[in-house]
Every structure is written in structure tokens, then in C-alpha cells.
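Asker: Below you'll find the structure I mean.
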Amino acid sequence: MPFTIPAIDDIAQPVLAARLQHLLDNKTKPVGSLGQIERLAQRIGLILGSEAPVLTDPQLVVFAGDHGLAARGVSAYPSDVTWQMVENFLAGGAAVSVLARQHGIGLTVVDCGVRHDFAPRAGLRVCKIAPGTADALDGPAMTPAQCEAALTNGAALVSELPGNALLLGEMGIGNTSAASLLMSRLTGLDITDCTGAGTGLDAQAVQRKIGILRQVLARHPDACAPLEALAAFGGFEIATMTGAVLQAAAERRVIVVDGFIATSAVLVASHLQPAVLQRCVFAHRSGERGHALMLAHLKAEPLLDLGLRLGEGSGAALAWPLLMSACALLREMASFESAGVSRQDEAQAAVP
């Protein structure tokens with residue numbers, strides 16, 4: 001069944017935006033003194049359509065999949081690490097597991113196409129298309145039907161999740177290569193500017209990786225439309241995440257975007273439906289080369305810049321308390337009038 005791209009409306013609401021700005025400007029503080037947190041509060045208010053937004057039942061989803069291109073040596077780690085880390089997520093031992101537990105965030109791990117069969121258990125969703133994508137240097141990473149199935153799986157998954165916030169995470173050895181390829185093709189930037197160390201390649205290995213990715217791009221010169229590029233370069237986890245982003249945007253959930261790979265899924269989704277970006281909060285600027293340029297292409301303002309390059313949704317989980325604080329300040333902070341505090345303009349007017 002072909003994937004139907006959901007309608008995603010422009011949520012610019014001038015009246016509500018003006019009201020939110022008025023509320024923020026009249027809190028007991030100098031105007032604009034909470035900086036980016038004020039812009040964050042307004043964005044969440046606009047997404048949720050509320051002057052007093054409340055974030056409920058946040059859901060962090062880790063999308064996992066393997067990549068055929070990994071056999072070319074584009075990663076410092078073997079593909080088996082993908083399934084081993086999925087087990088670590090489910091056992092509660094990974095960084096994102098700790099952070100989700102700390103902040104009360106629901107955690108779901110999705111097998112989108114891992115080269116391993118997992119025993120059923122709580123917190124695991126199996127949406128496996130195949131045991132890893134094909135080698136993108138030999139042909140398309142996914143068939144069009146596989147790509148559409150992954151998109152459909154992502155949309156269906158989100159539609160079943162509670163809450164009004166989706167935090168994006170991923171796991172897949174080789175997926176920085178897929179993200180770099182998507183970035184280069186969809187932004188027009190040279191692959192050198194889009195490619196970094198991933199899981200920890202040294203400088204010589206990065207140059208070799210760039211050479212392989214340049215060959216992959218040449219292998220698929222006509223894969224220029226968003227879904228054509230997604231099918232050509234992979235992966236199953238990025239395609240499933242793209243479907244999830246589109247569905248979350250259609251439902252006006254707050255989408256908290258993690259690092260480089262998660263942003264590549266948003267890049268694809270935004271090329272299909274530009275209004276997706278209005279629903280996104282970009283958690284951080286990662287240490288992966290290319291992420292800063294991808295964020296600039298999307299005109300995104302990341303909340304944090306901590307040199308993170310772990311993935312998993314770890315940056316999204318670390319940024320989550322900032323979203324909670326932004327909403328709490330908007331709802332609960334006193335105004336000058338309610339607190340009986342003189343405003344700056346009133347104080348200046350009182351000076352003889």
C-alpha cells in the first residue's frame with residue numbers, strides 16, 4: 001500500500017503568538033532576559049495551541065536498523081554492535097535508558113531492520129522490513145516498497161503512542177553514512193562537508209569513508225526527490241523515523257530532534273512537508289561534522305552545544321528539562337501586575 005503523506009498545516013497563529021509574547025514580556029523580569037527559553041516557550045505554546053502549555057507523557061523512540069554499506073568499512077564498529085546496543089537499551093543500561101528513566105520519559109525501541117531476531121519483551125516494537133538494508137554502492141539501499149513500508153510503520157507507531165511530545169533517537173552502525181548521503185543530495189552540499197568521524201574513525205578512515213560515499217552518490221545520480229533519495233541511501237531506521245516525524249507533526253506533537261541522524265530524518269520530512277519544522281525543537285548541535293551545516297540549512301536554533309555525538313536520543317533527553325522549564329515559566333511565573341512589582345518603564349517614568 002503506498003504511503004500517504006499526511007497533510008501538515010501551517011500553524012502560524014499571529015493572535016496567539018502576540019498573546020504569548022505579551023505574557024512573556026510581562027513576567028517579572030527584564031524583557032527578553034530568559035533568552036532562548038522564551039523563544040522555546042512561545043514555540044511550544046504555538047505547537048500545542050495554548051497560552052499555558054503542558055507537556056504530557058513524553059515518548060522517546062529509538063529507531064534501530066542495520067546498513068549494508070557498513071560492510072565497506074565506513075564505521076569504526078562492526079554491525080553486530082547495533083543489535084547488542086538494542087539489548088542494552090532494553091536492559092536499561094544505555095545512556096538514553098538512564099536519562100529517560102531519570103526524567104520520566106517513556107522509552108520504546110523499534111527494530112526497523114536489525115540483522116538479529118529479538119525475543120519479545122516490554123519496550124520493544126518489531127517493525128522489521130528486512131535484516132538490514134542492501135549495500136547502497138551495489139544498488140538502492142531499499143526498494144520503493146520497503147521505503148514506503150518503513151514510512152507507514154513509523155506513522156502507525158506514533159499514532160498508538162500516548163502524550164503530546166515525541167523525542168527522536170536512533171541506533172544503527174553505518175547510519176551516519178546514510179545521513180551524510182541524504183544531506184549532500186537534499187542540500188546540494190559537497191559530501192566532504194557532510195561527512196565526519198561517526199563512531200570514531202581517524203582522519204585517514206574519514207577520507208576513505210568520503211571516497212566511498214562519493215561513489216554511492218555517483219551510483220544514484222537520479223535519486224533527487226526526497227523519497228527517492230531515502231530509498232537509495234537508507235536506512236530502515238531513518239525511513240521509519242521520517243514516517244514518525246510526519247505523523248507526529250500532523251498530530252501537532254512537540255518533536256524533540258536529537259543529533260545528526262535524527263535531523264536527517266527531519267530533513268527528508270521537511271522536504272515533503274515544510275511545516276514539519278514548525279513542530280520541531282532541536283535539542284543540540286552535535287559534534288558530528290555536517291550537523292551544524294544541516295541545522296543551518298533548516299534554519300534551526302539548537303538548545304545545547306555540548307559536543308555530543310552519541311546518538312540514541314541522548315541529546316533529546318538531556319534537553320527535555322529545558323522544555324519542561326519553559327512551559328512552567330510561561331504558566332506559573334508572576335506578571336508585574338500580579339506580583340505588585342514595578343516595571344522598568346514605570347521606574348524610569350518616576351525619575352524626576
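Following the order of the C-alpha cells, first chain is A, next is B, and so on, with residues numbered from 1 inside each chain and ligands from 1 in the order they appear.
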For A:Ala179, work out the shell of residues within 12 Å, counting only C-alpha atoms and skipping chain neighbours fewer than 2 positions away, then give it as a count of residues only.

Answerer: 46

Asker: Tell me, which residues of stretch 55-218 of chain A carry DSSP strand (DSSP E or B), written as an MDAnalysis selection string?

Answerer: chainID A and resid 59:65 106:113 124:126 165:171

Asker: What would the file look like if the residues just selected were written as a tab-separated table (two decimals), in the first residue's frame with C-alpha atoms?

Answerer:
chain	number	residue	atom	x	y	z
A	59	GLN	CA	7.79	9.38	24.43
A	60	LEU	CA	11.38	8.74	23.35
A	61	VAL	CA	11.57	6.28	20.47
A	62	VAL	CA	14.88	4.71	19.45
A	63	PHE	CA	14.67	3.54	15.82
A	64	ALA	CA	17.21	0.78	15.08
A	65	GLY	CA	18.41	-0.71	11.81
A	106	GLY	CA	8.64	6.66	28.09
A	107	LEU	CA	11.19	4.65	26.10
A	108	THR	CA	10.37	2.44	23.13
A	109	VAL	CA	12.95	0.64	21.00
A	110	VAL	CA	11.90	-0.20	17.45
A	111	ASP	CA	13.53	-2.93	15.37
A	112	CYS	CA	13.13	-1.33	11.96
A	113	GLY	CA	15.56	-3.68	10.25
A	124	LEU	CA	10.37	-3.44	22.14
A	125	ARG	CA	8.42	-2.98	18.93
A	126	VAL	CA	9.32	-5.17	15.96
A	165	ALA	CA	5.77	15.04	22.72
A	166	LEU	CA	7.95	12.73	20.62
A	167	LEU	CA	11.69	12.57	21.27
A	168	LEU	CA	13.73	11.05	18.44
A	169	GLY	CA	16.54	8.55	18.91
A	170	GLU	CA	18.29	6.01	16.69
A	171	MET	CA	20.83	3.22	16.56

Asker: Give me, as a VMD selection string, the residues of stretch 171-256 of chain A that a backbone DSSP run labels alpha helix (DSSP H).

Answerer: chain A and resid 175 to 187 191 to 194 203 to 219 226 to 233 236 to 250

Asker: Taking only C-alpha atoms into account, which of A:Leu40, A:Leu24, A:Ala145, A:Leu246 comes nearest A:Ala319?

Answerer: A:Leu40

Asker: Check the smallest atom-to-atom distance from each of A:Val257, A:His220, A:Gly313, A:Gly92 to A:Leu295 using only C-alpha atoms, then report the winner.

Answerer: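 Counting only C-alpha atoms, the residue closest to A:Leu295 is A:Val257.
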
Asker: For stretch 74-77 of chain A, find every residue with an atom within 6 Å (counting only C-alpha atoms), except residues of its own chain fewer than 6 positions away, and show them as a PyMOL selection string.

Answerer: chain A and resi 174+199-201+209

Asker: Please dump the current selection as an mmCIF file, in the first residue's frame; keep N, CA and C atoms.

Answerer:
data_model
loop_
_atom_site.group_PDB
_atom_site.id
_atom_site.type_symbol
_atom_site.label_atom_id
_atom_site.label_comp_id
_atom_site.auth_asym_id
_atom_site.auth_seq_id
_atom_site.Cartn_x
_atom_site.Cartn_y
_atom_site.Cartn_z
ATOM 1 N N GLY A 174 26.673 2.464 10.754
ATOM 2 C CA GLY A 174 26.667 2.897 9.355
ATOM 3 C C GLY A 174 25.674 4.006 9.072
ATOM 4 N N THR A 199 31.274 6.983 14.548
ATOM 5 C CA THR A 199 31.543 6.341 15.835
ATOM 6 C C THR A 199 32.989 6.481 16.295
ATOM 7 N N GLY A 200 33.831 7.172 15.513
ATOM 8 C CA GLY A 200 35.197 7.392 15.978
ATOM 9 C C GLY A 200 36.281 7.035 14.978
ATOM 10 N N LEU A 201 36.036 7.235 13.693
ATOM 11 C CA LEU A 201 37.061 6.978 12.689
ATOM 12 C C LEU A 201 38.191 7.989 12.808
ATOM 13 N N LYS A 209 36.104 6.966 3.957
ATOM 14 C CA LYS A 209 34.642 6.984 4.025
ATOM 15 C C LYS A 209 34.076 7.978 3.013
#
